[in-house]
Amino acid sequence: MTARLFVIPGSHPATTAALMFDFKGIAYNRTDLIPIVSKGVLRAAGFPRMTVPALRIDGERIQGSREISRALDRIQPDPPLFPADPGRRAAVEDAERFGDEELQHPIRQLLWWGFKREKDNLRAYSEGARLGLPVGLAVKTGGPLVALSARLNEATDANARAALAALPDLLDRVDAYIADGTIGGDEPNAADFQIATSIGLALTLDDLKPLVEPRPAADLARRIVPDYPGHMPPILPPAWLPAPAAG
Ligand SMILES: N[C@@H](CCC(=O)N[C@@H](CS)C(=O)NCC(=O)O)C(=O)O
């Protein structure tokens with residue numbers, strides 16, 4: 001089997017895909033892409049969309065973290081990413097969809113807001129990446145790409161504030177999935193990998209840490225993705241930050 005996973009360093013859904021490969025024990029090669037430049041590379045590689053994770057496996061092209069979880073289970077059923085029981089499978093699929101469609105993007109917008117404000121923050125998220133040029137040089141010359149990425153991700157002040165306002169409810173949802181056993185069990189499933197990376201990424205932002213740290217969601221992230229790369233020192237205006245939940 002030959003597999004090549006296209007990622008952008010620091011991308012949470014790309015990290016989800018990488019973790020699922022490791023869980024399955026399937027060997028793969030990784031191509032690290034620079035944001036924006038990634039779009040042309042993915043197009044040239046024959047992918048229909050312009051986002052990572054994107055996977056070429058034995059000539060087949062699969063794109064999107066949820067598509068990849070299903071493909072990996074099809075290609076190698078053990079260990080499974082989805083429960084066999086139909087009711088439990090539906091619950092995991094629902095949690096995975098929530099992680100993809102509702103949780104991922106607000107965190108992404110806060111990250112790009114932070115990069116836009118201080119592009120040097122990108123460096124820590126790209127440590128060890130093979131970008132085809134030194135990370136320091138990529139960051140130094142990356143201003144226009146950061147500005148464009150922030151724009152394409154709509155990382156405006158208004159959306160960053162909306163993402164922060166939405167965060168407590170989103171974290172409540174994650175904690176509820178843990179409490180009802182959909183995620184956080186002994187054996188991780190596709191929703192664990194989907195959700196834990198967004199929480200792991202959130203924990204790299206010092207501004208978000210006090211909101212996330214006291215929650216079961218943080219324990220899940222530390223277990224599933226203990227070494228999420230990157231660190232963003234405080235950068236968001238304190239007045240925008242919601243109060244940490246009373247504990
Ligand atoms: N919901 C999609 C999200 C894919 C996505 O938006 N990926 C981002 C990175 S986190 C991307 O490729 N952005 C393109 C770019 O930055 O140029 C999934 O889970 O696969």
# chains A, B, ... in the order shown; residues from 1 in each chain; ligands from 1
>>> residues_near_ligand(ligand="ligand 1", cutoff="6 Å", atoms="only C-alpha atoms and all ligand atoms", output="list in words")
Ser11, His12, Pro13, Pro35, Ile36, Ser38, Lys39, Thr51, Val52, Pro53, Gly64, Ser65, Asp100 and Ser149 of chain A
>>> write_last_selection(atoms="C-alpha atoms", output="compact mmCIF listing (two decimals), in the first residue's frame")
# COMPACT_ATOMS: atom_id res chain seq x y z
CA SER A 11 -3.66 22.14 10.70
CA HIS A 12 -6.01 20.43 13.12
CA PRO A 13 -7.94 18.29 10.61
CA PRO A 35 -0.94 27.78 3.19
CA ILE A 36 -2.24 29.27 -0.08
CA SER A 38 -1.11 24.47 -0.92
CA LYS A 39 -4.05 25.22 -3.17
CA THR A 51 -7.97 21.99 1.55
CA VAL A 52 -5.94 19.60 3.66
CA PRO A 53 -6.00 16.86 4.75
CA GLY A 64 -11.41 15.82 4.03
CA SER A 65 -10.92 14.46 7.53
CA ASP A 100 -15.74 19.07 11.62
CA SER A 149 -5.16 33.23 4.48
>>> residues_around(residues="Gly46 (chain A)", least_positions_apart="3", cutoff="8 Å", atoms="only C-alpha atoms", output="PyMOL selection string")
chain A and resi 42-43+61
>>> write_last_selection(atoms="N, CA, C and O atoms", output="tab-separated table (two decimals), in the first residue's frame")
chain	number	residue	atom	x	y	z
A	42	LEU	N	-2.32	21.12	-4.47
A	42	LEU	CA	-3.41	20.14	-4.40
A	42	LEU	C	-4.11	20.02	-5.75
A	42	LEU	O	-4.44	18.92	-6.21
A	43	ARG	N	-4.28	21.16	-6.39
A	43	ARG	CA	-4.91	21.13	-7.72
A	43	ARG	C	-4.04	20.34	-8.68
A	43	ARG	O	-4.53	19.48	-9.41
A	61	ARG	N	-7.80	9.21	-4.66
A	61	ARG	CA	-7.66	10.51	-3.98
A	61	ARG	C	-8.85	10.71	-3.04
A	61	ARG	O	-10.01	10.59	-3.46
>>> residues_around(residues="region 154-159 of chain A", least_positions_apart="3", cutoff="8 Å", atoms="only C-alpha atoms", output="PDB file with N, CA, C and O atoms, in the first residue's frame")
ATOM      1  N   GLN A 109     -10.269  30.330  12.921  1.00  0.00           N
ATOM      2  CA  GLN A 109     -10.358  31.792  12.758  1.00  0.00           C
ATOM      3  C   GLN A 109      -9.565  32.525  13.840  1.00  0.00           C
ATOM      4  O   GLN A 109      -8.906  33.531  13.564  1.00  0.00           O
ATOM      5  N   LEU A 110      -9.604  31.997  15.062  1.00  0.00           N
ATOM      6  CA  LEU A 110      -8.834  32.644  16.146  1.00  0.00           C
ATOM      7  C   LEU A 110      -7.338  32.515  15.890  1.00  0.00           C
ATOM      8  O   LEU A 110      -6.563  33.454  16.126  1.00  0.00           O
ATOM      9  N   TRP A 112      -5.857  32.267  12.916  1.00  0.00           N
ATOM     10  CA  TRP A 112      -5.457  33.179  11.827  1.00  0.00           C
ATOM     11  C   TRP A 112      -5.543  34.627  12.255  1.00  0.00           C
ATOM     12  O   TRP A 112      -4.775  35.474  11.794  1.00  0.00           O
ATOM     13  N   TRP A 113      -6.461  34.941  13.141  1.00  0.00           N
ATOM     14  CA  TRP A 113      -6.498  36.299  13.698  1.00  0.00           C
ATOM     15  C   TRP A 113      -5.166  36.579  14.392  1.00  0.00           C
ATOM     16  O   TRP A 113      -4.574  37.652  14.224  1.00  0.00           O
ATOM     17  N   ALA A 150      -5.740  34.797   6.235  1.00  0.00           N
ATOM     18  CA  ALA A 150      -6.634  35.372   7.246  1.00  0.00           C
ATOM     19  C   ALA A 150      -7.909  35.874   6.566  1.00  0.00           C
ATOM     20  O   ALA A 150      -9.019  35.694   7.081  1.00  0.00           O
ATOM     21  N   ARG A 151      -7.733  36.468   5.384  1.00  0.00           N
ATOM     22  CA  ARG A 151      -8.919  36.982   4.675  1.00  0.00           C
ATOM     23  C   ARG A 151      -9.813  35.824   4.216  1.00  0.00           C
ATOM     24  O   ARG A 151     -11.030  35.863   4.385  1.00  0.00           O
ATOM     25  N   ALA A 162     -16.962  36.664  17.686  1.00  0.00           N
ATOM     26  CA  ALA A 162     -18.065  35.682  17.648  1.00  0.00           C
ATOM     27  C   ALA A 162     -17.542  34.293  18.011  1.00  0.00           C
ATOM     28  O   ALA A 162     -18.212  33.530  18.721  1.00  0.00           O
ATOM     29  N   ALA A 163     -16.345  33.960  17.527  1.00  0.00           N
ATOM     30  CA  ALA A 163     -15.765  32.641  17.842  1.00  0.00           C
ATOM     31  C   ALA A 163     -15.530  32.522  19.337  1.00  0.00           C
ATOM     32  O   ALA A 163     -15.821  31.483  19.945  1.00  0.00           O
TER      33      ALA A 163
END
>>> select_by_dssp(residues="region 2-112 of chain A", states="helix (DSSP H, G or I)", output="count of residues only")
59
>>> closest_residue(among="A:Asp180, A:Glu127, A:Asp78, A:Asp192", to="Arg97 (chain A)", atoms="only C-alpha atoms")
A:Asp192
>>> select_by_dssp(residues="region 13-224 of chain A", states="strand (DSSP E)", output="JSON list (two decimals) with N, CA and C atoms, in the first residue's frame")
[["chain", "number", "residue", "atom", "x", "y", "z"],
["A", 29, "ASN", "N", 3.57, 8.50, 3.71],
["A", 29, "ASN", "CA", 4.49, 9.62, 3.51],
["A", 29, "ASN", "C", 3.69, 10.90, 3.67],
["A", 30, "ARG", "N", 4.40, 11.94, 4.08],
["A", 30, "ARG", "CA", 3.70, 13.21, 4.35],
["A", 30, "ARG", "C", 4.30, 14.31, 3.49],
["A", 31, "THR", "N", 3.44, 15.11, 2.90],
["A", 31, "THR", "CA", 3.90, 16.31, 2.19],
["A", 31, "THR", "C", 3.40, 17.52, 2.95],
["A", 32, "ASP", "N", 4.35, 18.34, 3.43],
["A", 32, "ASP", "CA", 4.00, 19.56, 4.17],
["A", 32, "ASP", "C", 3.83, 20.71, 3.18],
["A", 54, "ALA", "N", -5.51, 15.94, 2.58],
["A", 54, "ALA", "CA", -5.80, 15.30, 1.31],
["A", 54, "ALA", "C", -4.90, 14.07, 1.23],
["A", 55, "LEU", "N", -5.47, 13.00, 0.73],
["A", 55, "LEU", "CA", -4.77, 11.71, 0.78],
["A", 55, "LEU", "C", -4.78, 11.05, -0.59],
["A", 56, "ARG", "N", -3.57, 10.61, -0.99],
["A", 56, "ARG", "CA", -3.50, 9.75, -2.18],
["A", 56, "ARG", "C", -3.09, 8.38, -1.68],
["A", 57, "ILE", "N", -3.94, 7.41, -1.91],
["A", 57, "ILE", "CA", -3.64, 6.06, -1.40],
["A", 57, "ILE", "C", -3.92, 5.04, -2.50],
["A", 60, "GLU", "N", -5.88, 6.25, -5.37],
["A", 60, "GLU", "CA", -7.19, 6.86, -5.07],
["A", 60, "GLU", "C", -6.97, 8.20, -4.35],
["A", 61, "ARG", "N", -7.80, 9.21, -4.66],
["A", 61, "ARG", "CA", -7.66, 10.51, -3.98],
["A", 61, "ARG", "C", -8.85, 10.71, -3.04],
["A", 62, "ILE", "N", -8.52, 11.01, -1.79],
["A", 62, "ILE", "CA", -9.56, 11.18, -0.77],
["A", 62, "ILE", "C", -9.26, 12.46, -0.03],
["A", 63, "GLN", "N", -10.26, 13.30, 0.12],
["A", 63, "GLN", "CA", -10.02, 14.62, 0.71],
["A", 63, "GLN", "C", -11.03, 14.90, 1.80]]
>>> residues_around(residues="Ala138 (chain A)", least_positions_apart="5", cutoff="9 Å", atoms="only C-alpha atoms", output="ChimeraX atom specification")
/A:34,123,131,133
>>> write_last_selection(atoms="all heavy atoms", output="PDB file, in the first residue's frame")
ATOM      1  N   ILE A  34       2.721  24.890   2.351  1.00  0.00           N
ATOM      2  CA  ILE A  34       2.564  26.251   2.865  1.00  0.00           C
ATOM      3  C   ILE A  34       1.141  26.697   2.522  1.00  0.00           C
ATOM      4  O   ILE A  34       0.680  26.460   1.395  1.00  0.00           O
ATOM      5  CB  ILE A  34       3.610  27.179   2.191  1.00  0.00           C
ATOM      6  CG1 ILE A  34       5.017  26.758   2.621  1.00  0.00           C
ATOM      7  CG2 ILE A  34       3.349  28.641   2.503  1.00  0.00           C
ATOM      8  CD1 ILE A  34       6.138  27.522   1.940  1.00  0.00           C
ATOM      9  N   ARG A 123       5.767  30.606  13.337  1.00  0.00           N
ATOM     10  CA  ARG A 123       6.998  29.806  13.412  1.00  0.00           C
ATOM     11  C   ARG A 123       6.816  28.557  14.284  1.00  0.00           C
ATOM     12  O   ARG A 123       7.154  27.447  13.875  1.00  0.00           O
ATOM     13  CB  ARG A 123       8.113  30.687  13.980  1.00  0.00           C
ATOM     14  CG  ARG A 123       9.479  30.079  13.955  1.00  0.00           C
ATOM     15  CD  ARG A 123      10.436  30.995  14.708  1.00  0.00           C
ATOM     16  NE  ARG A 123      10.453  32.340  14.130  1.00  0.00           N
ATOM     17  CZ  ARG A 123      11.336  32.751  13.242  1.00  0.00           C
ATOM     18  NH1 ARG A 123      12.279  31.936  12.844  1.00  0.00           N
ATOM     19  NH2 ARG A 123      11.300  33.987  12.770  1.00  0.00           N
ATOM     20  N   LEU A 131       9.159  22.327   4.368  1.00  0.00           N
ATOM     21  CA  LEU A 131       8.385  23.215   3.504  1.00  0.00           C
ATOM     22  C   LEU A 131       9.096  23.506   2.184  1.00  0.00           C
ATOM     23  O   LEU A 131       8.551  24.188   1.320  1.00  0.00           O
ATOM     24  CB  LEU A 131       8.122  24.545   4.230  1.00  0.00           C
ATOM     25  CG  LEU A 131       7.269  24.442   5.499  1.00  0.00           C
ATOM     26  CD1 LEU A 131       7.265  25.755   6.264  1.00  0.00           C
ATOM     27  CD2 LEU A 131       5.845  24.016   5.149  1.00  0.00           C
ATOM     28  N   LEU A 133      11.749  25.260   2.122  1.00  0.00           N
ATOM     29  CA  LEU A 133      12.592  26.406   2.455  1.00  0.00           C
ATOM     30  C   LEU A 133      12.625  26.508   3.978  1.00  0.00           C
ATOM     31  O   LEU A 133      11.732  25.981   4.641  1.00  0.00           O
ATOM     32  CB  LEU A 133      12.100  27.710   1.804  1.00  0.00           C
ATOM     33  CG  LEU A 133      10.855  28.426   2.329  1.00  0.00           C
ATOM     34  CD1 LEU A 133      10.764  29.814   1.708  1.00  0.00           C
ATOM     35  CD2 LEU A 133       9.605  27.656   2.027  1.00  0.00           C
TER      36      LEU A 133
END
>>> decode(residues="region 95-111 of chain A", atoms="all heavy atoms", output="PDB file, in the first residue's frame")
ATOM      1  N   ALA A  95     -21.003  13.205  16.499  1.00  0.00           N
ATOM      2  CA  ALA A  95     -19.941  13.950  17.190  1.00  0.00           C
ATOM      3  C   ALA A  95     -18.831  14.335  16.205  1.00  0.00           C
ATOM      4  O   ALA A  95     -18.282  15.437  16.271  1.00  0.00           O
ATOM      5  CB  ALA A  95     -19.372  13.101  18.333  1.00  0.00           C
ATOM      6  N   GLU A  96     -18.527  13.449  15.294  1.00  0.00           N
ATOM      7  CA  GLU A  96     -17.482  13.742  14.301  1.00  0.00           C
ATOM      8  C   GLU A  96     -17.923  14.905  13.407  1.00  0.00           C
ATOM      9  O   GLU A  96     -17.152  15.814  13.111  1.00  0.00           O
ATOM     10  CB  GLU A  96     -17.200  12.489  13.470  1.00  0.00           C
ATOM     11  CG  GLU A  96     -15.956  12.629  12.582  1.00  0.00           C
ATOM     12  CD  GLU A  96     -15.887  11.577  11.495  1.00  0.00           C
ATOM     13  OE1 GLU A  96     -16.947  11.103  11.028  1.00  0.00           O
ATOM     14  OE2 GLU A  96     -14.749  11.253  11.080  1.00  0.00           O
ATOM     15  N   ARG A  97     -19.206  14.870  12.997  1.00  0.00           N
ATOM     16  CA  ARG A  97     -19.735  15.968  12.173  1.00  0.00           C
ATOM     17  C   ARG A  97     -19.676  17.293  12.939  1.00  0.00           C
ATOM     18  O   ARG A  97     -19.272  18.325  12.404  1.00  0.00           O
ATOM     19  CB  ARG A  97     -21.182  15.652  11.757  1.00  0.00           C
ATOM     20  CG  ARG A  97     -21.812  16.686  10.832  1.00  0.00           C
ATOM     21  CD  ARG A  97     -23.301  16.840  11.048  1.00  0.00           C
ATOM     22  NE  ARG A  97     -23.661  17.116  12.424  1.00  0.00           N
ATOM     23  CZ  ARG A  97     -23.499  18.284  13.028  1.00  0.00           C
ATOM     24  NH1 ARG A  97     -22.991  19.321  12.372  1.00  0.00           N
ATOM     25  NH2 ARG A  97     -23.836  18.443  14.296  1.00  0.00           N
ATOM     26  N   PHE A  98     -20.066  17.258  14.214  1.00  0.00           N
ATOM     27  CA  PHE A  98     -19.977  18.464  15.049  1.00  0.00           C
ATOM     28  C   PHE A  98     -18.529  18.984  15.065  1.00  0.00           C
ATOM     29  O   PHE A  98     -18.282  20.178  14.900  1.00  0.00           O
ATOM     30  CB  PHE A  98     -20.459  18.131  16.478  1.00  0.00           C
ATOM     31  CG  PHE A  98     -19.938  19.089  17.508  1.00  0.00           C
ATOM     32  CD1 PHE A  98     -20.527  20.338  17.672  1.00  0.00           C
ATOM     33  CD2 PHE A  98     -18.839  18.753  18.304  1.00  0.00           C
ATOM     34  CE1 PHE A  98     -20.020  21.235  18.620  1.00  0.00           C
ATOM     35  CE2 PHE A  98     -18.339  19.647  19.248  1.00  0.00           C
ATOM     36  CZ  PHE A  98     -18.924  20.894  19.403  1.00  0.00           C
ATOM     37  N   GLY A  99     -17.586  18.075  15.278  1.00  0.00           N
ATOM     38  CA  GLY A  99     -16.183  18.493  15.341  1.00  0.00           C
ATOM     39  C   GLY A  99     -15.730  19.136  14.048  1.00  0.00           C
ATOM     40  O   GLY A  99     -15.035  20.163  14.050  1.00  0.00           O
ATOM     41  N   ASP A 100     -16.140  18.555  12.939  1.00  0.00           N
ATOM     42  CA  ASP A 100     -15.739  19.071  11.624  1.00  0.00           C
ATOM     43  C   ASP A 100     -16.469  20.376  11.301  1.00  0.00           C
ATOM     44  O   ASP A 100     -15.847  21.395  10.995  1.00  0.00           O
ATOM     45  CB  ASP A 100     -16.059  17.976  10.591  1.00  0.00           C
ATOM     46  CG  ASP A 100     -15.682  18.376   9.168  1.00  0.00           C
ATOM     47  OD1 ASP A 100     -15.323  19.546   8.938  1.00  0.00           O
ATOM     48  OD2 ASP A 100     -15.765  17.523   8.275  1.00  0.00           O
ATOM     49  N   GLU A 101     -17.793  20.358  11.401  1.00  0.00           N
ATOM     50  CA  GLU A 101     -18.570  21.496  10.877  1.00  0.00           C
ATOM     51  C   GLU A 101     -18.744  22.652  11.864  1.00  0.00           C
ATOM     52  O   GLU A 101     -18.989  23.776  11.448  1.00  0.00           O
ATOM     53  CB  GLU A 101     -19.957  21.005  10.438  1.00  0.00           C
ATOM     54  CG  GLU A 101     -19.897  20.064   9.244  1.00  0.00           C
ATOM     55  CD  GLU A 101     -21.274  19.600   8.805  1.00  0.00           C
ATOM     56  OE1 GLU A 101     -22.288  20.039   9.401  1.00  0.00           O
ATOM     57  OE2 GLU A 101     -21.334  18.778   7.866  1.00  0.00           O
ATOM     58  N   GLU A 102     -18.680  22.359  13.166  1.00  0.00           N
ATOM     59  CA  GLU A 102     -18.975  23.427  14.126  1.00  0.00           C
ATOM     60  C   GLU A 102     -17.770  23.861  14.955  1.00  0.00           C
ATOM     61  O   GLU A 102     -17.640  25.023  15.305  1.00  0.00           O
ATOM     62  CB  GLU A 102     -20.126  22.998  15.049  1.00  0.00           C
ATOM     63  CG  GLU A 102     -21.409  22.701  14.264  1.00  0.00           C
ATOM     64  CD  GLU A 102     -22.579  22.379  15.178  1.00  0.00           C
ATOM     65  OE1 GLU A 102     -22.834  23.152  16.111  1.00  0.00           O
ATOM     66  OE2 GLU A 102     -23.228  21.332  14.946  1.00  0.00           O
ATOM     67  N   LEU A 103     -16.919  22.896  15.315  1.00  0.00           N
ATOM     68  CA  LEU A 103     -15.822  23.221  16.236  1.00  0.00           C
ATOM     69  C   LEU A 103     -14.558  23.703  15.518  1.00  0.00           C
ATOM     70  O   LEU A 103     -13.883  24.620  15.990  1.00  0.00           O
ATOM     71  CB  LEU A 103     -15.517  21.966  17.076  1.00  0.00           C
ATOM     72  CG  LEU A 103     -14.445  22.071  18.159  1.00  0.00           C
ATOM     73  CD1 LEU A 103     -14.846  23.104  19.231  1.00  0.00           C
ATOM     74  CD2 LEU A 103     -14.218  20.699  18.819  1.00  0.00           C
ATOM     75  N   GLN A 104     -14.261  23.082  14.404  1.00  0.00           N
ATOM     76  CA  GLN A 104     -12.983  23.379  13.714  1.00  0.00           C
ATOM     77  C   GLN A 104     -12.805  24.849  13.367  1.00  0.00           C
ATOM     78  O   GLN A 104     -11.752  25.446  13.612  1.00  0.00           O
ATOM     79  CB  GLN A 104     -12.946  22.618  12.381  1.00  0.00           C
ATOM     80  CG  GLN A 104     -12.171  21.359  12.333  1.00  0.00           C
ATOM     81  CD  GLN A 104     -12.133  20.804  10.905  1.00  0.00           C
ATOM     82  OE1 GLN A 104     -12.176  21.545   9.916  1.00  0.00           O
ATOM     83  NE2 GLN A 104     -12.055  19.507  10.812  1.00  0.00           N
ATOM     84  N   HIS A 105     -13.829  25.428  12.747  1.00  0.00           N
ATOM     85  CA  HIS A 105     -13.592  26.720  12.101  1.00  0.00           C
ATOM     86  C   HIS A 105     -13.412  27.892  13.063  1.00  0.00           C
ATOM     87  O   HIS A 105     -12.521  28.728  12.840  1.00  0.00           O
ATOM     88  CB  HIS A 105     -14.673  27.008  11.054  1.00  0.00           C
ATOM     89  CG  HIS A 105     -14.248  28.055  10.074  1.00  0.00           C
ATOM     90  ND1 HIS A 105     -13.078  27.952   9.344  1.00  0.00           N
ATOM     91  CD2 HIS A 105     -14.791  29.248   9.734  1.00  0.00           C
ATOM     92  CE1 HIS A 105     -12.935  29.026   8.591  1.00  0.00           C
ATOM     93  NE2 HIS A 105     -13.961  29.835   8.806  1.00  0.00           N
ATOM     94  N   PRO A 106     -14.203  27.990  14.149  1.00  0.00           N
ATOM     95  CA  PRO A 106     -13.947  29.100  15.075  1.00  0.00           C
ATOM     96  C   PRO A 106     -12.515  29.083  15.618  1.00  0.00           C
ATOM     97  O   PRO A 106     -11.892  30.133  15.746  1.00  0.00           O
ATOM     98  CB  PRO A 106     -14.969  28.873  16.200  1.00  0.00           C
ATOM     99  CG  PRO A 106     -16.003  27.978  15.645  1.00  0.00           C
ATOM    100  CD  PRO A 106     -15.376  27.194  14.544  1.00  0.00           C
ATOM    101  N   ILE A 107     -12.002  27.888  15.896  1.00  0.00           N
ATOM    102  CA  ILE A 107     -10.616  27.788  16.403  1.00  0.00           C
ATOM    103  C   ILE A 107      -9.652  28.244  15.299  1.00  0.00           C
ATOM    104  O   ILE A 107      -8.686  28.965  15.539  1.00  0.00           O
ATOM    105  CB  ILE A 107     -10.279  26.341  16.826  1.00  0.00           C
ATOM    106  CG1 ILE A 107     -11.345  25.753  17.741  1.00  0.00           C
ATOM    107  CG2 ILE A 107      -8.883  26.255  17.443  1.00  0.00           C
ATOM    108  CD1 ILE A 107     -11.272  26.093  19.176  1.00  0.00           C
ATOM    109  N   ARG A 108      -9.949  27.803  14.060  1.00  0.00           N
ATOM    110  CA  ARG A 108      -9.104  28.205  12.918  1.00  0.00           C
ATOM    111  C   ARG A 108      -9.110  29.718  12.768  1.00  0.00           C
ATOM    112  O   ARG A 108      -8.074  30.356  12.535  1.00  0.00           O
ATOM    113  CB  ARG A 108      -9.650  27.530  11.650  1.00  0.00           C
ATOM    114  CG  ARG A 108      -8.850  27.819  10.385  1.00  0.00           C
ATOM    115  CD  ARG A 108      -9.514  27.151   9.178  1.00  0.00           C
ATOM    116  NE  ARG A 108      -9.430  25.704   9.174  1.00  0.00           N
ATOM    117  CZ  ARG A 108     -10.485  24.882   9.239  1.00  0.00           C
ATOM    118  NH1 ARG A 108     -11.721  25.349   9.297  1.00  0.00           N
ATOM    119  NH2 ARG A 108     -10.310  23.578   9.248  1.00  0.00           N
ATOM    120  N   GLN A 109     -10.269  30.330  12.921  1.00  0.00           N
ATOM    121  CA  GLN A 109     -10.358  31.792  12.758  1.00  0.00           C
ATOM    122  C   GLN A 109      -9.565  32.525  13.840  1.00  0.00           C
ATOM    123  O   GLN A 109      -8.906  33.531  13.564  1.00  0.00           O
ATOM    124  CB  GLN A 109     -11.819  32.228  12.771  1.00  0.00           C
ATOM    125  CG  GLN A 109     -12.547  31.816  11.502  1.00  0.00           C
ATOM    126  CD  GLN A 109     -13.982  32.268  11.490  1.00  0.00           C
ATOM    127  OE1 GLN A 109     -14.707  32.069  12.460  1.00  0.00           O
ATOM    128  NE2 GLN A 109     -14.414  32.870  10.389  1.00  0.00           N
ATOM    129  N   LEU A 110      -9.604  31.997  15.062  1.00  0.00           N
ATOM    130  CA  LEU A 110      -8.834  32.644  16.146  1.00  0.00           C
ATOM    131  C   LEU A 110      -7.338  32.515  15.890  1.00  0.00           C
ATOM    132  O   LEU A 110      -6.563  33.454  16.126  1.00  0.00           O
ATOM    133  CB  LEU A 110      -9.211  32.029  17.499  1.00  0.00           C
ATOM    134  CG  LEU A 110     -10.640  32.363  17.953  1.00  0.00           C
ATOM    135  CD1 LEU A 110     -11.043  31.526  19.156  1.00  0.00           C
ATOM    136  CD2 LEU A 110     -10.751  33.859  18.283  1.00  0.00           C
ATOM    137  N   LEU A 111      -6.939  31.360  15.358  1.00  0.00           N
ATOM    138  CA  LEU A 111      -5.523  31.156  15.047  1.00  0.00           C
ATOM    139  C   LEU A 111      -5.066  32.149  13.975  1.00  0.00           C
ATOM    140  O   LEU A 111      -4.033  32.804  14.118  1.00  0.00           O
ATOM    141  CB  LEU A 111      -5.343  29.718  14.551  1.00  0.00           C
ATOM    142  CG  LEU A 111      -3.913  29.225  14.420  1.00  0.00           C
ATOM    143  CD1 LEU A 111      -3.333  28.932  15.808  1.00  0.00           C
ATOM    144  CD2 LEU A 111      -3.857  27.954  13.557  1.00  0.00           C
TER     145      LEU A 111
END
